[in-house]
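Q: To be precise about what I am sending: the file is called final-v3.cif and holds mmCIF, C-alpha atoms.
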```cif
data_coords
loop_
_atom_site.label_atom_id
_atom_site.label_comp_id
_atom_site.auth_asym_id
_atom_site.auth_seq_id
_atom_site.Cartn_x
_atom_site.Cartn_y
_atom_site.Cartn_z
CA MET A 1219 -10.35 6.96 -11.56
CA ASN A 1220 -8.41 8.32 -8.58
CA GLY A 1221 -5.23 7.95 -10.62
CA ILE A 1222 -4.77 4.32 -9.59
CA PRO A 1223 -5.30 1.59 -12.20
CA ILE A 1224 -7.48 -1.32 -11.15
CA GLU A 1225 -4.55 -3.72 -11.41
CA HIS A 1226 -2.81 -2.12 -8.44
CA ILE A 1227 -5.80 -2.60 -6.17
CA LEU A 1228 -6.18 -6.16 -7.42
CA PHE A 1229 -2.51 -6.67 -6.56
CA VAL A 1230 -3.30 -5.82 -2.94
CA SER A 1231 -6.27 -8.16 -2.78
CA THR A 1232 -4.42 -11.03 -4.50
CA ALA A 1233 -1.44 -10.63 -2.18
CA LEU A 1234 -3.77 -10.57 0.83
CA PHE A 1235 -5.46 -13.76 -0.36
CA PHE A 1236 -2.18 -15.60 -0.69
CA ILE A 1237 -0.88 -14.30 2.63
CA GLY A 1238 -4.01 -15.81 4.15
CA MET A 1239 -3.33 -19.06 2.31
CA TYR A 1240 0.22 -19.10 3.70
CA GLY A 1241 -1.13 -18.68 7.22
CA LEU A 1242 -3.63 -21.47 6.65
CA PHE A 1243 -0.89 -23.80 5.40
CA THR A 1244 1.71 -23.17 8.10
CA ARG A 1245 -0.31 -22.63 11.24
CA ARG A 1246 -1.59 -25.51 13.31
CA ASN A 1247 -3.41 -23.49 15.94
CA MET A 1248 -7.13 -23.24 15.27
CA ILE A 1249 -7.52 -19.58 16.28
CA THR A 1250 -4.70 -18.46 14.00
CA MET A 1251 -6.15 -20.53 11.18
CA LEU A 1252 -9.43 -18.69 11.74
CA MET A 1253 -7.55 -15.39 11.47
CA ALA A 1254 -6.08 -16.51 8.14
CA ILE A 1255 -9.59 -17.29 6.90
CA GLU A 1256 -10.68 -13.79 7.89
CA LEU A 1257 -7.84 -12.35 5.80
CA ILE A 1258 -8.96 -14.42 2.79
CA LEU A 1259 -12.57 -13.28 3.16
CA ASN A 1260 -11.45 -9.66 3.37
CA SER A 1261 -9.46 -9.95 0.17
CA VAL A 1262 -12.58 -11.25 -1.57
CA ASN A 1263 -14.55 -8.29 -0.21
CA ILE A 1264 -12.00 -5.84 -1.62
CA ASN A 1265 -12.31 -7.56 -4.99
CA PHE A 1266 -16.10 -7.25 -5.04
CA VAL A 1267 -16.07 -3.57 -4.10
CA VAL A 1268 -13.36 -2.69 -6.60
CA PHE A 1269 -15.00 -4.53 -9.49
CA ASN A 1270 -18.29 -2.86 -8.64
CA LYS A 1271 -16.76 0.58 -8.53
CA TYR A 1272 -14.43 0.37 -11.53
CA LEU A 1273 -16.22 -1.89 -14.00
CA TYR A 1274 -19.95 -1.46 -13.32
CA PRO A 1275 -20.34 1.88 -11.56
CA ASP A 1276 -24.07 2.14 -12.28
CA LYS A 1277 -24.92 -1.05 -10.39
CA LEU A 1278 -24.71 -1.98 -6.72
CA ASP A 1279 -24.43 -5.77 -6.83
CA GLY A 1280 -20.85 -5.94 -5.59
CA ILE A 1281 -21.77 -3.85 -2.56
CA PHE A 1282 -24.57 -6.27 -1.72
CA PHE A 1283 -22.31 -9.28 -2.08
CA THR A 1284 -19.83 -7.63 0.26
CA ILE A 1285 -22.50 -6.97 2.86
CA PHE A 1286 -23.69 -10.57 2.71
CA ILE A 1287 -20.14 -11.93 2.90
CA ILE A 1288 -19.41 -9.83 5.98
CA THR A 1289 -22.60 -11.11 7.63
CA ILE A 1290 -21.82 -14.73 6.88
CA ALA A 1291 -18.21 -14.28 8.01
CA ALA A 1292 -19.44 -12.99 11.36
CA ALA A 1293 -21.74 -15.99 11.80
CA GLU A 1294 -18.95 -18.35 10.75
CA ALA A 1295 -16.47 -16.85 13.21
CA ALA A 1296 -18.96 -17.09 16.06
CA VAL A 1297 -19.74 -20.77 15.37
CA ALA A 1298 -16.06 -21.60 14.88
CA ILE A 1299 -15.10 -20.02 18.19
CA ALA A 1300 -17.88 -21.89 19.98
CA ILE A 1301 -16.55 -25.15 18.54
CA ILE A 1302 -12.95 -24.22 19.47
CA ILE A 1303 -13.88 -23.45 23.06
CA ASN A 1304 -15.81 -26.69 23.35
CA LEU A 1305 -12.86 -28.61 21.89
CA TYR A 1306 -10.52 -26.94 24.37
CA ARG A 1307 -12.72 -28.13 27.20
CA SER A 1308 -12.53 -31.74 26.13
CA HIS A 1309 -8.94 -31.91 24.79
CA GLN A 1310 -7.13 -29.09 26.69
CA SER A 1311 -5.60 -28.04 23.40
CA ILE A 1312 -6.64 -26.20 20.24
CA ASP A 1313 -4.03 -27.70 17.98
CA VAL A 1314 -5.54 -29.40 14.94
CA GLU A 1315 -3.10 -32.27 15.27
CA ASP A 1316 -4.58 -33.15 18.65
CA ALA A 1317 -8.12 -33.43 17.35
CA ALA A 1318 -7.74 -36.50 15.16
CA GLU A 1319 -10.33 -38.90 16.57
CA MET A 1320 -12.68 -38.58 13.63
CA LYS A 1321 -9.93 -38.66 11.04
CA TYR A 1322 -9.96 -42.37 10.22
CA MET B 587 2.37 11.46 -7.77
CA THR B 588 -0.69 13.01 -6.23
CA ILE B 589 -1.74 12.81 -2.61
CA THR B 590 -4.49 10.29 -3.48
CA GLN B 591 -1.95 7.87 -4.90
CA ILE B 592 0.37 8.30 -1.93
CA ILE B 593 -2.49 7.51 0.45
CA PHE B 594 -3.36 4.40 -1.55
CA TYR B 595 0.18 3.02 -1.49
CA LEU B 596 0.51 3.83 2.21
CA LEU B 597 -2.73 1.98 2.99
CA SER B 598 -1.65 -0.99 0.88
CA ALA B 599 1.68 -1.16 2.69
CA ILE B 600 -0.10 -1.11 6.06
CA ILE B 601 -2.58 -3.81 5.01
CA LEU B 602 0.00 -6.18 3.54
CA GLY B 603 2.65 -5.62 6.20
CA ALA B 604 0.21 -6.17 9.04
CA ALA B 605 -1.20 -9.26 7.31
CA ILE B 606 2.27 -10.77 6.84
CA LEU B 607 3.16 -10.12 10.47
CA SER B 608 -0.17 -11.55 11.53
CA VAL B 609 0.49 -14.90 9.88
CA THR B 610 4.17 -15.12 10.82
CA THR B 611 4.47 -13.84 14.39
CA ARG B 612 4.69 -16.58 16.98
CA LYS B 613 2.84 -14.94 19.83
CA ILE B 614 -0.86 -15.48 19.29
CA PHE B 615 -2.00 -12.25 20.94
CA ARG B 616 0.28 -10.17 18.75
CA SER B 617 -1.08 -12.03 15.78
CA ALA B 618 -4.59 -10.89 16.73
CA ILE B 619 -3.44 -7.29 17.11
CA TRP B 620 -1.75 -7.33 13.70
CA LEU B 621 -4.95 -8.74 12.23
CA LEU B 622 -6.78 -5.80 13.82
CA LEU B 623 -4.40 -3.34 12.17
CA SER B 624 -4.83 -5.05 8.82
CA LEU B 625 -8.63 -4.90 9.08
CA VAL B 626 -8.50 -1.21 10.01
CA GLY B 627 -6.29 -0.66 6.96
CA ILE B 628 -8.88 -2.39 4.78
CA ALA B 629 -11.56 -0.11 6.23
CA GLY B 630 -9.31 2.81 5.27
CA LEU B 631 -9.07 1.40 1.76
CA TYR B 632 -12.87 1.37 1.58
CA PHE B 633 -12.92 5.00 2.69
CA TRP B 634 -10.35 5.73 -0.01
CA LEU B 635 -12.63 4.05 -2.56
CA ALA B 636 -15.49 6.29 -1.34
CA VAL B 637 -17.71 3.41 -0.22
CA GLU B 638 -18.29 4.80 3.25
CA PHE B 639 -21.11 2.44 4.13
CA ILE B 640 -18.98 -0.66 3.60
CA ALA B 641 -16.15 0.97 5.55
CA ALA B 642 -18.49 1.60 8.47
CA VAL B 643 -19.79 -1.98 8.34
CA GLN B 644 -16.21 -3.25 8.19
CA ILE B 645 -15.23 -1.33 11.30
CA VAL B 646 -18.38 -2.26 13.23
CA VAL B 647 -18.48 -5.95 12.35
CA TYR B 648 -14.85 -6.95 11.89
CA VAL B 649 -12.94 -4.63 14.18
CA GLY B 650 -15.65 -4.31 16.79
CA GLY B 651 -17.03 -7.81 16.63
CA ILE B 652 -14.86 -10.55 15.20
CA VAL B 653 -11.47 -9.41 16.49
CA VAL B 654 -12.87 -8.89 19.98
CA LEU B 655 -14.39 -12.37 19.80
CA ILE B 656 -11.02 -13.81 18.72
CA ILE B 657 -9.19 -12.03 21.54
CA PHE B 658 -11.73 -13.33 24.05
CA SER B 659 -11.26 -16.86 22.82
CA ILE B 660 -7.48 -16.48 23.04
CA PHE B 661 -7.81 -15.47 26.67
CA LEU B 662 -10.18 -18.35 27.33
CA THR B 663 -8.10 -21.04 25.73
CA GLN B 664 -4.43 -20.39 26.31
CA GLN B 665 -1.67 -18.32 27.81
CA SER B 666 -1.22 -15.44 25.42
CA GLY B 667 2.41 -14.84 26.36
CA LEU B 668 3.51 -18.29 25.26
CA GLU B 669 5.22 -18.68 21.92
CA MET B 670 3.65 -21.08 19.47
CA LYS B 671 5.65 -23.93 18.02
CA LYS B 672 7.53 -23.13 14.89
CA ALA B 673 6.29 -24.86 11.76
CA PRO B 674 8.74 -27.47 10.47
CA PRO B 675 10.98 -25.98 7.75
CA LYS B 676 9.77 -28.51 5.19
CA ARG B 677 6.20 -27.29 5.57
CA THR B 678 7.25 -23.64 5.52
CA ILE B 679 9.22 -24.05 2.31
CA ALA B 680 6.47 -26.06 0.64
CA SER B 681 3.81 -23.49 1.56
CA LEU B 682 6.02 -20.61 0.47
CA LEU B 683 6.54 -22.27 -2.89
CA ALA B 684 2.84 -23.03 -3.33
CA VAL B 685 1.80 -19.52 -2.32
CA ALA B 686 4.41 -17.77 -4.46
CA SER B 687 3.60 -19.78 -7.56
CA GLY B 688 -0.13 -19.32 -7.01
CA PHE B 689 0.32 -15.58 -6.59
CA ALA B 690 2.52 -15.32 -9.69
CA LEU B 691 0.04 -17.26 -11.82
CA THR B 692 -3.01 -15.34 -10.58
CA TYR B 693 -1.48 -11.92 -10.83
CA ASN B 694 -0.10 -12.68 -14.27
CA LEU B 695 -3.62 -13.52 -15.41
CA ILE B 696 -5.06 -10.37 -13.83
CA TYR B 697 -2.36 -8.12 -15.20
CA HIS B 698 -2.79 -9.25 -18.79
CA TYR B 699 -6.57 -9.48 -18.77
CA GLY B 700 -7.20 -5.87 -19.74
CA PHE B 701 -10.19 -4.74 -17.71
CA LYS B 702 -12.52 -2.33 -19.44
CA THR B 703 -13.37 0.42 -17.00
CA GLY B 704 -17.05 1.32 -17.03
CA ASP B 705 -17.96 4.94 -17.55
CA GLY B 706 -20.85 5.70 -15.28
CA LYS B 707 -20.96 7.78 -12.19
CA PHE B 708 -20.61 5.69 -9.08
CA ASP B 709 -23.17 6.85 -6.57
CA MET B 710 -23.70 4.80 -3.49
CA GLU B 711 -26.55 6.56 -1.80
CA LEU B 712 -27.77 4.84 1.32
CA ASP B 713 -31.43 5.08 0.31
CA ARG B 714 -30.57 3.33 -2.95
CA ILE B 715 -28.96 0.47 -1.02
CA GLY B 716 -31.93 0.22 1.32
CA THR B 717 -34.50 0.27 -1.47
CA GLN B 718 -32.69 -2.38 -3.46
CA MET B 719 -32.01 -4.52 -0.41
CA LEU B 720 -35.70 -4.88 0.44
CA ASN B 721 -37.04 -4.91 -3.09
CA THR B 722 -38.90 -8.06 -4.10
CA GLY B 723 -38.93 -7.27 -7.81
CA LYS B 724 -36.16 -7.48 -10.38
CA ASP B 725 -32.66 -6.73 -9.00
CA GLY B 726 -34.03 -6.92 -5.49
CA PHE B 727 -32.26 -8.67 -2.65
CA ALA B 728 -35.23 -9.40 -0.37
CA LEU B 729 -34.88 -13.19 -0.54
CA PRO B 730 -31.12 -13.32 0.29
CA PHE B 731 -31.79 -10.84 3.08
CA GLU B 732 -34.34 -13.18 4.63
CA VAL B 733 -32.13 -16.22 4.13
CA VAL B 734 -29.25 -14.44 5.86
CA SER B 735 -31.48 -13.49 8.76
CA ILE B 736 -32.46 -17.15 9.18
CA LEU B 737 -28.76 -18.10 8.96
CA LEU B 738 -27.86 -15.63 11.70
CA LEU B 739 -30.62 -17.00 13.92
CA ALA B 740 -29.43 -20.55 13.30
CA ALA B 741 -25.80 -19.57 14.02
CA MET B 742 -26.83 -17.86 17.26
CA ILE B 743 -28.80 -20.88 18.52
CA GLY B 744 -26.04 -23.20 17.35
CA CYS B 745 -23.38 -21.27 19.27
CA ILE B 746 -25.41 -21.41 22.44
CA VAL B 747 -26.04 -25.15 22.04
CA ILE B 748 -22.40 -25.95 21.25
CA ALA B 749 -20.79 -23.80 23.91
CA THR B 750 -23.12 -24.61 26.80
CA LYS B 751 -21.41 -26.65 29.45
CA THR B 752 -23.10 -30.04 29.68
CA LYS B 753 -23.94 -31.00 33.23
CA PRO B 754 -22.49 -34.30 34.44
CA GLU B 755 -25.13 -37.01 34.55
CA THR B 756 -26.41 -37.50 38.09
CA THR B 757 -28.23 -40.79 37.89
#
```
So that I can check it, write out the structure of this file as structure tokens.
A:
Amino acid sequence: MNGIPIEHILFVSTALFFIGMYGLFTRRNMITMLMAIELILNSVNINFVVFNKYLYPDKLDGIFFTIFIITIAAAEAAVAIAIIINLYRSHQSIDVEDAAEMKY
Amino acid sequence: MTITQIIFYLLSAIILGAAILSVTTRKIFRSAIWLLLSLVGIAGLYFWLAVEFIAAVQIVVYVGGIVVLIIFSIFLTQQSGLEMKKAPPKRTIASLLAVASGFALTYNLIYHYGFKTGDGKFDMELDRIGTQMLNTGKDGFALPFEVVSILLLAAMIGCIVIATKTKPETT
């Protein structure tokens, strides 16, 4: 199909997932961590669409999962940014190391 | 190599390059812009896969919604010109090792799995999506649709409650 084997597309989505993981591990700023999570969610979306198209072309389930994941990601980003802004008001910082009151 | 393949490898290079720059650059605003480029590249990949509806949703929700929200929050919370602190080298090396080994393991599994490509015609008509989305019978997605609508309502109210400025007590 299209002359590209499925493994090459899965290479892109796997690499994107682990790039997101790298960002999540190294960053300590909450907004950049949120961006890394968006990258991870997008790699999962690519996986769903590609599996749907290449392996089960007569069904639409992967498409529906992608739509629901995009919806939930939007809700998650909105709530996360509300929390970040509220945290910035009380701590003057959005570094995760500075928000350690509830850690112990 | 046909033009389709060239377009695919070009899109992949854009997606991965922009994603790497997005997680490594030290200016937070540039990081957001690289994320934007990566998301647009993913929308292009969906167009390449001929799932136009998902590509349109990707552009509307991610590029038009989430990235704009992120940029707003960057402007609200910090000076975008400032450079972020560098991660300590120990953490960078440890994460690089973890990520590289995880990627090698996962891709090794994927590469040797041997996917059997299905042989049907992929048709993603919009009326088919709509009918199946609101179908209450077998293979219907009416219940998840309703649950997601409740979730969105809850998230909206939750955002307003969390982000509202509490008035100082005047007693």
Q: Find, counting all atoms listed in the file, the residue in B:Tyr697, B:Phe658, B:Phe633, B:Phe689 that gets nearest to Ile1299 of chain A.
A: B:Phe658
Q: Return as a ChimeraX atom specification the residues belonging to chain A that are within 8 Å of chain B, counting only C-alpha atoms.
A: /A:1220-1222,1224-1225,1228-1230,1232-1234,1236-1241,1243-1245,1249-1250,1253-1254,1257,1260,1264,1268,1271-1276,1278,1281-1282,1284-1286,1288-1290,1292-1297,1299-1301,1303-1304,1306,1311-1312
Q: When you draw a straight line from atom CA of Phe661 of chain B to atom CA of Gln1310 of chain A, how long is it in Å?
A: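 Going from atom CA of Phe661 of chain B over to atom CA of Gln1310 of chain A, I get 13.6 Å.
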Q: Work out how far atom CA of Glu1315 of chain A is from atom CA of Ile1287 of chain A, in Å to one decimal.
A: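 Between atom CA of Ile1287 of chain A and atom CA of Glu1315 of chain A the gap is 29.3 Å.
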Q: To one decimal place, how far is atom CA of Trp620 of chain B from atom CA of Phe1235 of chain A in Å?
A: 15.9 Å
Q: I'd like to know which of A:Glu1256, A:Asn1247, A:Asn1270, A:Asn1265 is closest to Asp1313 of chain A, using only C-alpha atoms.
A: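 Checking each of A:Glu1256, A:Asn1247, A:Asn1270, A:Asn1265 against Asp1313 of chain A, counting only C-alpha atoms, the winner is A:Asn1247.
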Q: For Leu596 of chain B, which residue among B:Gly627, B:Leu729, B:Thr752, B:Thr717 is the nearest when counting only C-alpha atoms?
A: B:Gly627
Q: Generate the coordinates of N, CA and C atoms for segment 1260-1276 of chain A; report them as a PDB file, in the frame of the given file.
A:
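Dumped everything to rebuild.pdb:
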```
ATOM      1  N   ASN A1260     -11.584 -11.103   3.598  1.00  0.00           N
ATOM      2  CA  ASN A1260     -11.450  -9.660   3.370  1.00  0.00           C
ATOM      3  C   ASN A1260     -10.904  -9.358   1.992  1.00  0.00           C
ATOM      4  N   SER A1261      -9.980 -10.207   1.515  1.00  0.00           N
ATOM      5  CA  SER A1261      -9.460  -9.950   0.170  1.00  0.00           C
ATOM      6  C   SER A1261     -10.570 -10.106  -0.860  1.00  0.00           C
ATOM      7  N   VAL A1262     -11.461 -11.078  -0.646  1.00  0.00           N
ATOM      8  CA  VAL A1262     -12.580 -11.250  -1.570  1.00  0.00           C
ATOM      9  C   VAL A1262     -13.497 -10.025  -1.535  1.00  0.00           C
ATOM     10  N   ASN A1263     -13.701  -9.489  -0.334  1.00  0.00           N
ATOM     11  CA  ASN A1263     -14.550  -8.290  -0.210  1.00  0.00           C
ATOM     12  C   ASN A1263     -13.958  -7.116  -0.989  1.00  0.00           C
ATOM     13  N   ILE A1264     -12.635  -6.935  -0.869  1.00  0.00           N
ATOM     14  CA  ILE A1264     -12.000  -5.840  -1.620  1.00  0.00           C
ATOM     15  C   ILE A1264     -12.239  -6.033  -3.105  1.00  0.00           C
ATOM     16  N   ASN A1265     -12.094  -7.286  -3.567  1.00  0.00           N
ATOM     17  CA  ASN A1265     -12.310  -7.560  -4.990  1.00  0.00           C
ATOM     18  C   ASN A1265     -13.714  -7.156  -5.417  1.00  0.00           C
ATOM     19  N   PHE A1266     -14.718  -7.551  -4.647  1.00  0.00           N
ATOM     20  CA  PHE A1266     -16.100  -7.250  -5.040  1.00  0.00           C
ATOM     21  C   PHE A1266     -16.317  -5.734  -5.123  1.00  0.00           C
ATOM     22  N   VAL A1267     -15.841  -5.017  -4.106  1.00  0.00           N
ATOM     23  CA  VAL A1267     -16.070  -3.570  -4.100  1.00  0.00           C
ATOM     24  C   VAL A1267     -15.359  -2.903  -5.265  1.00  0.00           C
ATOM     25  N   VAL A1268     -14.124  -3.345  -5.538  1.00  0.00           N
ATOM     26  CA  VAL A1268     -13.360  -2.690  -6.600  1.00  0.00           C
ATOM     27  C   VAL A1268     -13.957  -2.978  -7.968  1.00  0.00           C
ATOM     28  N   PHE A1269     -14.366  -4.232  -8.200  1.00  0.00           N
ATOM     29  CA  PHE A1269     -15.000  -4.530  -9.490  1.00  0.00           C
ATOM     30  C   PHE A1269     -16.275  -3.729  -9.653  1.00  0.00           C
ATOM     31  N   ASN A1270     -17.058  -3.630  -8.562  1.00  0.00           N
ATOM     32  CA  ASN A1270     -18.290  -2.860  -8.640  1.00  0.00           C
ATOM     33  C   ASN A1270     -17.998  -1.403  -8.994  1.00  0.00           C
ATOM     34  N   LYS A1271     -16.994  -0.845  -8.336  1.00  0.00           N
ATOM     35  CA  LYS A1271     -16.760   0.580  -8.530  1.00  0.00           C
ATOM     36  C   LYS A1271     -16.114   0.879  -9.876  1.00  0.00           C
ATOM     37  N   TYR A1272     -15.169   0.043 -10.319  1.00  0.00           N
ATOM     38  CA  TYR A1272     -14.430   0.370 -11.530  1.00  0.00           C
ATOM     39  C   TYR A1272     -15.110  -0.113 -12.795  1.00  0.00           C
ATOM     40  N   LEU A1273     -15.714  -1.305 -12.758  1.00  0.00           N
ATOM     41  CA  LEU A1273     -16.220  -1.890 -14.000  1.00  0.00           C
ATOM     42  C   LEU A1273     -17.701  -1.634 -14.213  1.00  0.00           C
ATOM     43  N   TYR A1274     -18.505  -1.673 -13.164  1.00  0.00           N
ATOM     44  CA  TYR A1274     -19.950  -1.460 -13.320  1.00  0.00           C
ATOM     45  C   TYR A1274     -20.416  -0.389 -12.345  1.00  0.00           C
ATOM     46  N   PRO A1275     -20.039   0.861 -12.576  1.00  0.00           N
ATOM     47  CA  PRO A1275     -20.340   1.880 -11.560  1.00  0.00           C
ATOM     48  C   PRO A1275     -21.818   2.192 -11.420  1.00  0.00           C
ATOM     49  N   ASP A1276     -22.651   1.791 -12.396  1.00  0.00           N
ATOM     50  CA  ASP A1276     -24.070   2.140 -12.280  1.00  0.00           C
ATOM     51  C   ASP A1276     -24.861   1.090 -11.528  1.00  0.00           C
TER      52      ASP A1276
END
```
